[in-house]
file upload_32.cif (mmCIF, C-alpha atoms)
data_query
#
loop_
_atom_site.label_atom_id
_atom_site.label_comp_id
_atom_site.auth_asym_id
_atom_site.auth_seq_id
_atom_site.Cartn_x
_atom_site.Cartn_y
_atom_site.Cartn_z
CA MET A 23 -10.96 2.92 37.89
CA PRO A 24 -7.71 4.96 37.73
CA GLU A 25 -7.91 8.47 36.34
CA ALA A 26 -6.73 8.87 32.75
CA THR A 27 -3.30 10.43 32.38
CA PRO A 28 -2.72 13.55 30.23
CA LEU A 29 -1.03 11.35 27.63
CA GLN A 30 -4.07 9.06 27.46
CA VAL A 31 -6.48 12.00 27.20
CA ALA A 32 -4.41 13.60 24.43
CA SER A 33 -4.12 10.28 22.57
CA GLU A 34 -7.88 9.71 22.68
CA ALA A 35 -8.54 13.23 21.39
CA PHE A 36 -6.06 12.63 18.55
CA ILE A 37 -7.74 9.35 17.58
CA ARG A 38 -11.14 11.08 17.49
CA TYR A 39 -9.61 13.74 15.24
CA LEU A 40 -8.26 11.09 12.85
CA ARG A 41 -11.56 9.24 12.77
CA ASP A 42 -14.08 12.10 12.70
CA VAL A 43 -12.25 15.02 11.09
CA ARG A 44 -9.70 13.42 8.78
CA GLN A 45 -11.95 10.39 8.28
CA LEU A 46 -9.09 7.94 7.91
CA SER A 47 -9.89 4.30 7.31
CA PRO A 48 -10.62 2.07 10.33
CA HIS A 49 -7.45 0.10 9.56
CA THR A 50 -5.29 3.24 9.64
CA VAL A 51 -6.93 4.51 12.82
CA SER A 52 -6.35 1.11 14.45
CA ASN A 53 -2.62 1.33 13.59
CA TYR A 54 -2.39 4.77 15.22
CA GLN A 55 -4.19 3.47 18.31
CA ARG A 56 -1.82 0.53 18.63
CA ASP A 57 1.29 2.69 18.29
CA LEU A 58 0.09 5.28 20.78
CA ALA A 59 -0.94 2.56 23.23
CA GLY A 60 2.61 1.21 23.05
CA LEU A 61 3.99 4.65 23.87
CA GLN A 62 1.58 4.97 26.80
CA ARG A 63 2.74 1.65 28.27
CA PHE A 64 6.36 2.65 27.85
CA CYS A 65 5.78 6.01 29.55
CA ALA A 66 3.70 4.49 32.35
CA ASP A 67 6.57 2.16 33.24
CA ARG A 68 8.80 5.21 33.60
CA GLY A 69 6.36 7.46 35.39
CA ARG A 70 6.00 9.82 32.42
CA SER A 71 2.37 10.84 31.95
CA ASP A 72 2.49 14.31 30.38
CA PRO A 73 3.20 14.51 26.62
CA ALA A 74 4.47 18.07 27.05
CA ARG A 75 7.33 16.76 29.18
CA LEU A 76 8.49 14.05 26.79
CA HIS A 77 11.91 14.61 25.22
CA GLU A 78 13.72 13.23 22.22
CA SER A 79 15.67 10.98 24.55
CA ASP A 80 12.40 9.37 25.69
CA ILE A 81 11.40 8.62 22.13
CA ARG A 82 14.83 7.21 21.34
CA ALA A 83 14.60 4.95 24.40
CA TRP A 84 11.19 3.76 23.22
CA VAL A 85 12.57 2.99 19.75
CA SER A 86 15.44 1.05 21.35
CA GLN A 87 12.94 -1.00 23.30
CA LEU A 88 10.98 -1.77 20.13
CA ARG A 89 14.19 -2.94 18.47
CA ARG A 90 15.03 -5.22 21.39
CA GLN A 91 11.53 -6.68 21.13
CA GLY A 92 12.29 -7.63 17.51
CA LEU A 93 9.94 -5.18 15.80
CA ALA A 94 10.76 -4.69 12.12
CA SER A 95 12.28 -1.40 10.99
CA SER A 96 9.26 -0.72 8.79
CA SER A 97 6.94 -1.11 11.78
CA ILE A 98 9.11 1.18 13.90
CA GLN A 99 9.08 3.75 11.11
CA ARG A 100 5.30 3.57 11.00
CA ALA A 101 5.12 4.04 14.77
CA LEU A 102 7.43 7.07 14.59
CA SER A 103 5.30 8.54 11.83
CA ALA A 104 2.26 8.14 14.09
CA LEU A 105 4.09 9.93 16.92
CA ARG A 106 5.16 12.80 14.70
CA SER A 107 1.56 13.30 13.59
CA PHE A 108 0.39 13.08 17.21
CA PHE A 109 2.82 15.73 18.46
CA ASN A 110 2.09 17.97 15.46
CA TYR A 111 -1.58 17.73 16.41
CA LEU A 112 -0.76 18.71 19.99
CA GLY A 113 1.22 21.66 18.66
CA ARG A 114 -1.82 22.94 16.79
CA GLU A 115 -4.38 22.18 19.47
CA GLN A 116 -2.48 22.82 22.70
CA GLY A 117 0.40 25.04 21.67
CA HIS A 118 3.18 22.50 22.28
CA THR A 119 6.23 23.94 20.58
CA ARG A 120 8.38 20.78 20.48
CA ASN A 121 7.96 17.58 18.56
CA PRO A 122 10.23 15.11 20.36
CA ALA A 123 9.81 12.53 17.59
CA ALA A 124 10.76 14.88 14.75
CA ALA A 125 14.46 14.01 14.59
CA VAL A 126 14.25 10.35 15.63
CA GLN A 127 14.79 7.86 12.82
CA ALA A 128 14.02 4.17 12.63
CA PRO A 129 16.94 1.76 12.13
CA ARG A 130 17.56 1.13 8.47
CA GLN A 131 16.94 -2.20 6.88
CA PRO A 132 17.67 -3.41 3.36
CA ARG A 133 14.69 -2.98 1.10
CA ARG A 134 13.38 -6.29 -0.10
CA LEU A 135 11.68 -6.12 -3.44
CA PRO A 136 8.56 -8.18 -4.04
CA ARG A 137 9.01 -11.00 -6.48
CA ALA A 138 7.55 -10.67 -9.94
CA LEU A 139 6.34 -13.41 -12.24
CA ASP A 140 7.68 -13.45 -15.77
CA THR A 141 5.20 -13.33 -18.65
CA ASP A 142 5.20 -17.11 -19.16
CA GLN A 143 4.45 -17.65 -15.47
CA VAL A 144 1.65 -15.08 -15.58
CA ASN A 145 0.13 -16.78 -18.62
CA ARG A 146 0.27 -20.15 -16.90
CA TYR A 147 -1.21 -18.74 -13.72
CA LEU A 148 -4.13 -17.10 -15.54
CA GLN A 149 -5.24 -20.36 -17.15
CA PHE A 150 -8.28 -21.11 -15.00
CA SER A 151 -9.95 -24.49 -15.33
CA GLY A 152 -13.70 -24.76 -14.96
CA ASP A 153 -16.48 -22.45 -16.01
CA ASP A 154 -18.68 -22.28 -12.94
CA LEU A 155 -19.57 -19.12 -11.03
CA THR A 156 -16.57 -19.29 -8.68
CA ALA A 157 -14.08 -19.96 -11.46
CA ARG A 158 -15.40 -17.04 -13.49
CA ARG A 159 -15.19 -14.71 -10.51
CA ASP A 160 -11.68 -15.80 -9.57
CA SER A 161 -10.50 -15.46 -13.16
CA ALA A 162 -11.93 -11.95 -13.41
CA MET A 163 -10.25 -10.92 -10.15
CA ALA A 164 -6.86 -12.26 -11.20
CA GLU A 165 -7.06 -10.74 -14.68
CA LEU A 166 -8.00 -7.37 -13.22
CA PHE A 167 -5.10 -7.41 -10.76
CA TYR A 168 -2.62 -8.02 -13.55
CA SER A 169 -4.36 -5.84 -16.13
CA SER A 170 -4.49 -2.68 -14.02
CA GLY A 171 -1.88 -3.15 -11.26
CA LEU A 172 -4.37 -2.86 -8.42
CA ARG A 173 -3.78 -3.13 -4.69
CA LEU A 174 -5.76 -5.72 -2.76
CA ALA A 175 -7.89 -3.13 -0.95
CA GLU A 176 -8.59 -1.34 -4.23
CA LEU A 177 -9.93 -4.44 -5.93
CA ALA A 178 -12.01 -5.46 -2.92
CA ALA A 179 -13.65 -2.00 -2.86
CA ILE A 180 -14.68 -1.89 -6.53
CA ASN A 181 -18.39 -1.37 -7.14
CA LEU A 182 -20.32 -2.14 -10.31
CA GLY A 183 -20.61 1.55 -11.12
CA ASP A 184 -16.84 2.04 -11.07
CA ILE A 185 -16.39 0.37 -14.46
CA ASP A 186 -16.79 2.37 -17.67
CA ARG A 187 -17.21 -0.48 -20.09
CA HIS A 188 -17.43 1.79 -23.16
CA GLU A 189 -14.20 3.66 -22.39
CA GLN A 190 -12.53 0.54 -20.94
CA LEU A 191 -11.64 2.39 -17.75
CA LEU A 192 -11.90 1.66 -14.04
CA THR A 193 -12.03 4.15 -11.18
CA VAL A 194 -10.42 2.90 -7.97
CA THR A 195 -9.91 4.39 -4.52
CA GLY A 196 -6.33 4.01 -3.31
CA LYS A 197 -4.33 4.99 -0.26
CA GLY A 198 -5.48 8.14 1.50
CA ARG A 199 -8.86 7.77 -0.21
CA LYS A 200 -7.37 9.15 -3.41
CA THR A 201 -9.12 8.05 -6.58
CA ARG A 202 -7.48 7.35 -9.90
CA THR A 203 -8.68 6.04 -13.24
CA VAL A 204 -6.84 3.16 -14.84
CA PRO A 205 -7.29 1.35 -18.15
CA VAL A 206 -8.59 -2.21 -18.29
CA GLY A 207 -7.23 -4.56 -20.94
CA ALA A 208 -9.38 -6.45 -23.40
CA VAL A 209 -8.67 -9.86 -21.82
CA ALA A 210 -9.63 -8.58 -18.36
CA LEU A 211 -12.80 -6.98 -19.76
CA ALA A 212 -13.78 -10.28 -21.36
CA ALA A 213 -13.22 -12.07 -18.03
CA LEU A 214 -15.35 -9.44 -16.28
CA ASP A 215 -18.12 -9.93 -18.83
CA ARG A 216 -18.09 -13.68 -18.20
CA TRP A 217 -18.35 -13.06 -14.46
CA LEU A 218 -21.16 -10.51 -14.81
CA GLU A 219 -23.17 -13.03 -16.82
CA VAL A 220 -23.42 -15.24 -13.74
CA ARG A 221 -23.01 -12.73 -10.89
CA PRO A 222 -25.89 -13.36 -8.47
CA ALA A 223 -28.48 -10.62 -8.03
CA SER A 224 -27.66 -8.71 -4.87
CA THR A 225 -28.39 -5.42 -3.16
CA ASP A 226 -24.67 -5.15 -2.49
CA PRO A 227 -23.05 -2.88 -5.13
CA ALA A 228 -19.73 -4.77 -4.93
CA LEU A 229 -18.33 -6.04 -8.21
CA PHE A 230 -17.05 -9.24 -6.63
CA LEU A 231 -19.34 -11.15 -4.30
CA SER A 232 -18.78 -13.98 -1.87
CA ARG A 233 -20.88 -17.11 -1.84
CA ARG A 234 -23.20 -15.37 0.63
CA GLY A 235 -23.94 -12.62 -1.86
CA THR A 236 -21.95 -9.98 0.05
CA ARG A 237 -18.75 -8.16 -0.90
CA ALA A 238 -15.82 -10.56 -1.17
CA SER A 239 -13.39 -9.87 1.67
CA ALA A 240 -9.68 -9.22 1.23
CA ARG A 241 -8.94 -12.53 2.94
CA THR A 242 -11.21 -14.41 0.54
CA ILE A 243 -9.52 -12.79 -2.46
CA GLN A 244 -6.06 -13.66 -1.14
CA ASP A 245 -7.07 -17.26 -0.46
CA ARG A 246 -8.57 -17.72 -3.91
CA LEU A 247 -5.49 -16.35 -5.67
CA ARG A 248 -3.23 -18.58 -3.59
CA LEU A 249 -5.37 -21.62 -4.46
CA GLN A 250 -5.17 -20.84 -8.17
CA GLY A 251 -1.39 -20.64 -7.94
CA ARG A 252 -1.23 -24.11 -6.46
CA ARG A 253 -3.58 -25.46 -9.11
CA ALA A 254 -1.39 -23.91 -11.79
CA GLY A 255 1.70 -25.59 -10.32
CA MET A 256 3.45 -22.36 -9.34
CA TYR A 257 6.65 -22.75 -7.31
CA GLN A 258 5.51 -20.13 -4.79
CA ASP A 259 2.27 -18.76 -3.41
CA VAL A 260 0.82 -16.07 -5.65
CA HIS A 261 -0.71 -13.07 -3.92
CA PRO A 262 -2.19 -9.75 -5.14
CA HIS A 263 0.99 -7.76 -4.51
CA MET A 264 2.94 -10.17 -6.70
CA LEU A 265 0.52 -9.61 -9.59
CA ARG A 266 0.72 -5.84 -9.04
CA HIS A 267 4.50 -5.97 -9.09
CA SER A 268 4.46 -8.15 -12.21
CA PHE A 269 2.21 -5.60 -13.91
CA ALA A 270 4.58 -2.76 -12.99
CA SER A 271 7.72 -4.63 -14.01
CA HIS A 272 6.32 -5.71 -17.38
CA MET A 273 4.97 -2.23 -18.13
CA LEU A 274 8.31 -0.60 -17.36
CA GLU A 275 10.28 -3.19 -19.30
CA SER A 276 8.12 -2.61 -22.38
CA SER A 277 7.65 1.16 -22.22
CA GLY A 278 10.52 2.56 -20.16
CA ASP A 279 8.04 5.26 -19.07
CA LEU A 280 8.55 5.58 -15.32
CA ARG A 281 6.10 8.47 -14.91
CA ALA A 282 3.30 6.57 -16.62
CA VAL A 283 3.88 3.53 -14.42
CA GLN A 284 3.88 5.81 -11.37
CA GLU A 285 0.46 7.17 -12.34
CA LEU A 286 -0.95 3.73 -13.07
CA LEU A 287 0.20 2.42 -9.70
CA GLY A 288 -1.05 5.46 -7.79
CA HIS A 289 2.32 6.22 -6.20
CA ALA A 290 2.59 9.70 -4.70
CA ASN A 291 6.39 9.58 -4.84
CA ILE A 292 8.30 8.42 -7.90
CA ALA A 293 11.02 7.01 -5.64
CA THR A 294 8.52 4.34 -4.59
CA THR A 295 8.04 3.39 -8.23
CA GLN A 296 11.79 3.16 -8.76
CA ILE A 297 12.11 0.61 -5.99
CA TYR A 298 8.92 -1.20 -6.93
CA THR A 299 9.81 -1.84 -10.54
CA HIS A 300 13.53 -2.73 -10.41
CA LEU A 301 14.24 0.50 -12.28
CA ASP A 302 17.16 0.35 -14.67
CA PHE A 303 19.08 3.43 -13.54
CA GLN A 304 21.39 3.30 -16.55
CA HIS A 305 18.36 3.71 -18.80
CA LEU A 306 17.14 6.58 -16.62
CA ALA A 307 20.55 8.29 -16.87
CA LYS A 308 20.47 8.03 -20.66
CA VAL A 309 17.01 9.60 -20.78
CA TYR A 310 18.21 12.40 -18.51
CA ASP A 311 21.34 13.04 -20.56
CA ALA A 312 19.34 13.16 -23.78
CA ALA A 313 16.56 15.38 -22.48
CA HIS A 314 18.11 17.89 -20.07
CA PRO A 315 19.88 20.85 -21.72
CA ARG A 316 22.53 21.02 -18.99
CA ALA A 317 22.93 17.30 -18.42
CA ARG A 318 24.96 16.18 -21.44
CA ARG A 319 28.08 14.49 -20.26
CA ARG A 320 31.31 15.39 -21.98
CA LYS A 321 33.11 12.72 -23.90
CA PRO A 322 36.77 12.10 -23.20
CA GLY A 323 38.87 14.81 -24.87
CA GLU A 324 35.96 17.24 -25.18
CA GLU A 325 36.55 20.81 -23.98
#
call {"tool": "encode", "arguments": {"input": "upload_32.cif", "output": "structure tokens"}}
result
Amino acid sequence: MPEATPLQVASEAFIRYLRDVRQLSPHTVSNYQRDLAGLQRFCADRGRSDPARLHESDIRAWVSQLRRQGLASSSIQRALSALRSFFNYLGREQGHTRNPAAAVQAPRQPRRLPRALDTDQVNRYLQFSGDDLTARRDSAMAELFYSSGLRLAELAAINLGDIDRHEQLLTVTGKGRKTRTVPVGAVALAALDRWLEVRPASTDPALFLSRRGTRASARTIQDRLRLQGRRAGMYQDVHPHMLRHSFASHMLESSGDLRAVQELLGHANIATTQIYTHLDFQHLAKVYDAAHPRARRRKPGEE
């Protein structure tokens, strides 16, 4: 068996750090592993085995190769982010003073906004037929997605104890294991009550269970939402992100409160919310002009 190269040894140490010290999710750790493995293959083909000897030109050549292979800009950006974190780690642990990935940027691509359903489409979609256990569960899941703007992973991870029925609140764990508390609407609470009436007894604390009595997987949830869309005669497949985007769009259209929508969605950066919700920048400019003491724009002829 060939001896591990310095790059492989450093990569493995970094992955252990992510898993054991930072305790990132298995999915996130797997993404880091895949990106670093790609860099290792690229470097092996060029006889580069020491991370301390890699230069910005090497990283740019790797990015060019990824582009030629047809990798999306978003995936390249994620890979570059993994490399920056990796070299920052080496700087702390091994005293490397350079981060060859620091100044390398992924090729830009136009941002494609997720489609949102209008309120009539949402109402049609949420009309579930049947009253059996599966129909009640699926209805509760769909109502909760739209009621609280949840991500797929957030809904799948909900436990029974995360719901405060009296205060009509739900605690969810989002990206980076950050928790937030979101309100739950009356219609969604009623759907949850109908589901809890028939939820099978189980040692699993999950709110939503599969037919086997275990936590419903993300794939199961996606499949059930897609099936409901087809039953409701929707013109496109409905998925959790579409319901989340519909929630955000409808909240912003009704309230105009970008900060509140940002908090409800769990976005760390308000710029993400602006893109996510088709922000009306003219409205934002008016709010700014009215609120900021040095922002009032002069009218024509004003001195």
call {"tool": "closest_residue", "arguments": {"input": "upload_32.cif", "among": "A:His289, A:Glu25, A:Thr295, A:Ala240", "to": "Leu274 (chain A)", "atoms": "all atoms listed in the file"}}
result
A:Thr295
call {"tool": "atom_distance", "arguments": {"input": "upload_32.cif", "atom1": "CA of Ser71 (chain A)", "atom2": "CA of Arg56 (chain A)"}}
result
17.4 Å
call {"tool": "residues_around", "arguments": {"input": "upload_32.cif", "residues": "region 203-214 of chain A", "least_positions_apart": "6", "cutoff": "6 Å", "atoms": "all atoms listed in the file", "output": "PyMOL selection string"}}
result
chain A and resi 162+165-166+169-170+190-193
call {"tool": "residues_near_point", "arguments": {"input": "upload_32.cif", "point": "(3.6, -13.7, -12.2)", "cutoff": "7 Å", "atoms": "all atoms listed in the file", "output": "ChimeraX atom specification"}}
result
/A:138-141,143-144,264-265,268
call {"tool": "write_last_selection", "arguments": {"input": "upload_32.cif", "atoms": "C-alpha atoms", "output": "PDB file, in the frame of the given file"}}
result
ATOM      1  CA  ALA A 138       7.550 -10.670  -9.940  1.00  0.00           C
ATOM      2  CA  LEU A 139       6.340 -13.410 -12.240  1.00  0.00           C
ATOM      3  CA  ASP A 140       7.680 -13.450 -15.770  1.00  0.00           C
ATOM      4  CA  THR A 141       5.200 -13.330 -18.650  1.00  0.00           C
ATOM      5  CA  GLN A 143       4.450 -17.650 -15.470  1.00  0.00           C
ATOM      6  CA  VAL A 144       1.650 -15.080 -15.580  1.00  0.00           C
ATOM      7  CA  MET A 264       2.940 -10.170  -6.700  1.00  0.00           C
ATOM      8  CA  LEU A 265       0.520  -9.610  -9.590  1.00  0.00           C
ATOM      9  CA  SER A 268       4.460  -8.150 -12.210  1.00  0.00           C
TER      10      SER A 268
END
call {"tool": "atom_distance", "arguments": {"input": "upload_32.cif", "atom1": "CA of Met163 (chain A)", "atom2": "CA of Asn145 (chain A)"}}
result
14.6 Å
call {"tool": "closest_residue", "arguments": {"input": "upload_32.cif", "among": "A:Ala94, A:Met273, A:Met256, A:Leu182", "to": "Tyr168 (chain A)", "atoms": "only C-alpha atoms"}}
result
A:Met273
call {"tool": "closest_residue", "arguments": {"input": "upload_32.cif", "among": "A:Pro73, A:Gly235, A:Pro227, A:Gly196", "to": "Arg120 (chain A)", "atoms": "all atoms listed in the file"}}
result
A:Pro73
call {"tool": "closest_residue", "arguments": {"input": "upload_32.cif", "among": "A:Gly69, A:Gly251, A:Gly288, A:Gly278", "to": "Lys200 (chain A)", "atoms": "all atoms listed in the file"}}
result
A:Gly288
call {"tool": "resolve_selection", "arguments": {"input": "upload_32.cif", "expression": "the PyMOL selection byres ((chain A and resi 148-150) around 9)", "output": "list in words"}}
result
Gln143, Val144, Asn145, Arg146, Tyr147, Ser151, Gly152, Asp153, Ala157, Arg158, Asp160, Ser161, Ala164, Glu165, Gln250, Gly251, Arg253 and Ala254 of chain A
call {"tool": "residues_around", "arguments": {"input": "upload_32.cif", "residues": "Gln87 (chain A)", "least_positions_apart": "2", "cutoff": "12 Å", "atoms": "all atoms listed in the file", "output": "PDB file with C-alpha atoms, in the frame of the given file"}}
result
ATOM      1  CA  GLY A  60       2.610   1.210  23.050  1.00  0.00           C
ATOM      2  CA  LEU A  61       3.990   4.650  23.870  1.00  0.00           C
ATOM      3  CA  ARG A  63       2.740   1.650  28.270  1.00  0.00           C
ATOM      4  CA  PHE A  64       6.360   2.650  27.850  1.00  0.00           C
ATOM      5  CA  CYS A  65       5.780   6.010  29.550  1.00  0.00           C
ATOM      6  CA  ASP A  80      12.400   9.370  25.690  1.00  0.00           C
ATOM      7  CA  ILE A  81      11.400   8.620  22.130  1.00  0.00           C
ATOM      8  CA  ARG A  82      14.830   7.210  21.340  1.00  0.00           C
ATOM      9  CA  ALA A  83      14.600   4.950  24.400  1.00  0.00           C
ATOM     10  CA  TRP A  84      11.190   3.760  23.220  1.00  0.00           C
ATOM     11  CA  VAL A  85      12.570   2.990  19.750  1.00  0.00           C
ATOM     12  CA  ARG A  89      14.190  -2.940  18.470  1.00  0.00           C
ATOM     13  CA  ARG A  90      15.030  -5.220  21.390  1.00  0.00           C
ATOM     14  CA  GLN A  91      11.530  -6.680  21.130  1.00  0.00           C
ATOM     15  CA  GLY A  92      12.290  -7.630  17.510  1.00  0.00           C
ATOM     16  CA  LEU A  93       9.940  -5.180  15.800  1.00  0.00           C
ATOM     17  CA  ALA A  94      10.760  -4.690  12.120  1.00  0.00           C
ATOM     18  CA  ILE A  98       9.110   1.180  13.900  1.00  0.00           C
ATOM     19  CA  ALA A 128      14.020   4.170  12.630  1.00  0.00           C
TER      20      ALA A 128
END
call {"tool": "atom_distance", "arguments": {"input": "upload_32.cif", "atom1": "CA of Ser52 (chain A)", "atom2": "CA of Leu177 (chain A)"}}
result
21.4 Å
call {"tool": "closest_residue", "arguments": {"input": "upload_32.cif", "among": "A:Arg159, A:Arg114, A:Arg137, A:Arg202", "to": "Val260 (chain A)", "atoms": "only C-alpha atoms"}}
result
A:Arg137
call {"tool": "resolve_selection", "arguments": {"input": "upload_32.cif", "expression": "the PyMOL selection byres ((chain A and resi 34-46) around 12)", "output": "compact mmCIF listing (two decimals) with C-alpha atoms, in the frame of the given file"}}
result
# COMPACT_ATOMS: atom_id res chain seq x y z
CA ALA A 26 -6.73 8.87 32.75
CA THR A 27 -3.30 10.43 32.38
CA PRO A 28 -2.72 13.55 30.23
CA LEU A 29 -1.03 11.35 27.63
CA GLN A 30 -4.07 9.06 27.46
CA VAL A 31 -6.48 12.00 27.20
CA ALA A 32 -4.41 13.60 24.43
CA SER A 33 -4.12 10.28 22.57
CA SER A 47 -9.89 4.30 7.31
CA PRO A 48 -10.62 2.07 10.33
CA HIS A 49 -7.45 0.10 9.56
CA THR A 50 -5.29 3.24 9.64
CA VAL A 51 -6.93 4.51 12.82
CA SER A 52 -6.35 1.11 14.45
CA ASN A 53 -2.62 1.33 13.59
CA TYR A 54 -2.39 4.77 15.22
CA GLN A 55 -4.19 3.47 18.31
CA ARG A 56 -1.82 0.53 18.63
CA ASP A 57 1.29 2.69 18.29
CA LEU A 58 0.09 5.28 20.78
CA ALA A 59 -0.94 2.56 23.23
CA GLN A 62 1.58 4.97 26.80
CA ALA A 104 2.26 8.14 14.09
CA LEU A 105 4.09 9.93 16.92
CA ARG A 106 5.16 12.80 14.70
CA SER A 107 1.56 13.30 13.59
CA PHE A 108 0.39 13.08 17.21
CA PHE A 109 2.82 15.73 18.46
CA ASN A 110 2.09 17.97 15.46
CA TYR A 111 -1.58 17.73 16.41
CA LEU A 112 -0.76 18.71 19.99
CA GLY A 113 1.22 21.66 18.66
CA ARG A 114 -1.82 22.94 16.79
CA GLU A 115 -4.38 22.18 19.47
CA GLN A 116 -2.48 22.82 22.70
CA LYS A 197 -4.33 4.99 -0.26
CA GLY A 198 -5.48 8.14 1.50
CA ARG A 199 -8.86 7.77 -0.21
CA LYS A 200 -7.37 9.15 -3.41
call {"tool": "residues_near_point", "arguments": {"input": "upload_32.cif", "point": "(18.6, 9.3, 17.6)", "cutoff": "8 Å", "atoms": "only C-alpha atoms", "output": "list of chain:residue names"}}
result
A:Glu78, A:Ser79, A:Arg82, A:Ala125, A:Val126, A:Gln127
call {"tool": "residues_around", "arguments": {"input": "upload_32.cif", "residues": "Val220 (chain A)", "least_positions_apart": "3", "cutoff": "10 Å", "atoms": "all atoms listed in the file", "output": "PyMOL selection string"}}
result
chain A and resi 154-156+158-159+215-217+223
call {"tool": "closest_residue", "arguments": {"input": "upload_32.cif", "among": "A:Ala290, A:Ala238, A:Ala123, A:Leu174", "to": "Leu76 (chain A)", "atoms": "all atoms listed in the file"}}
result
A:Ala123
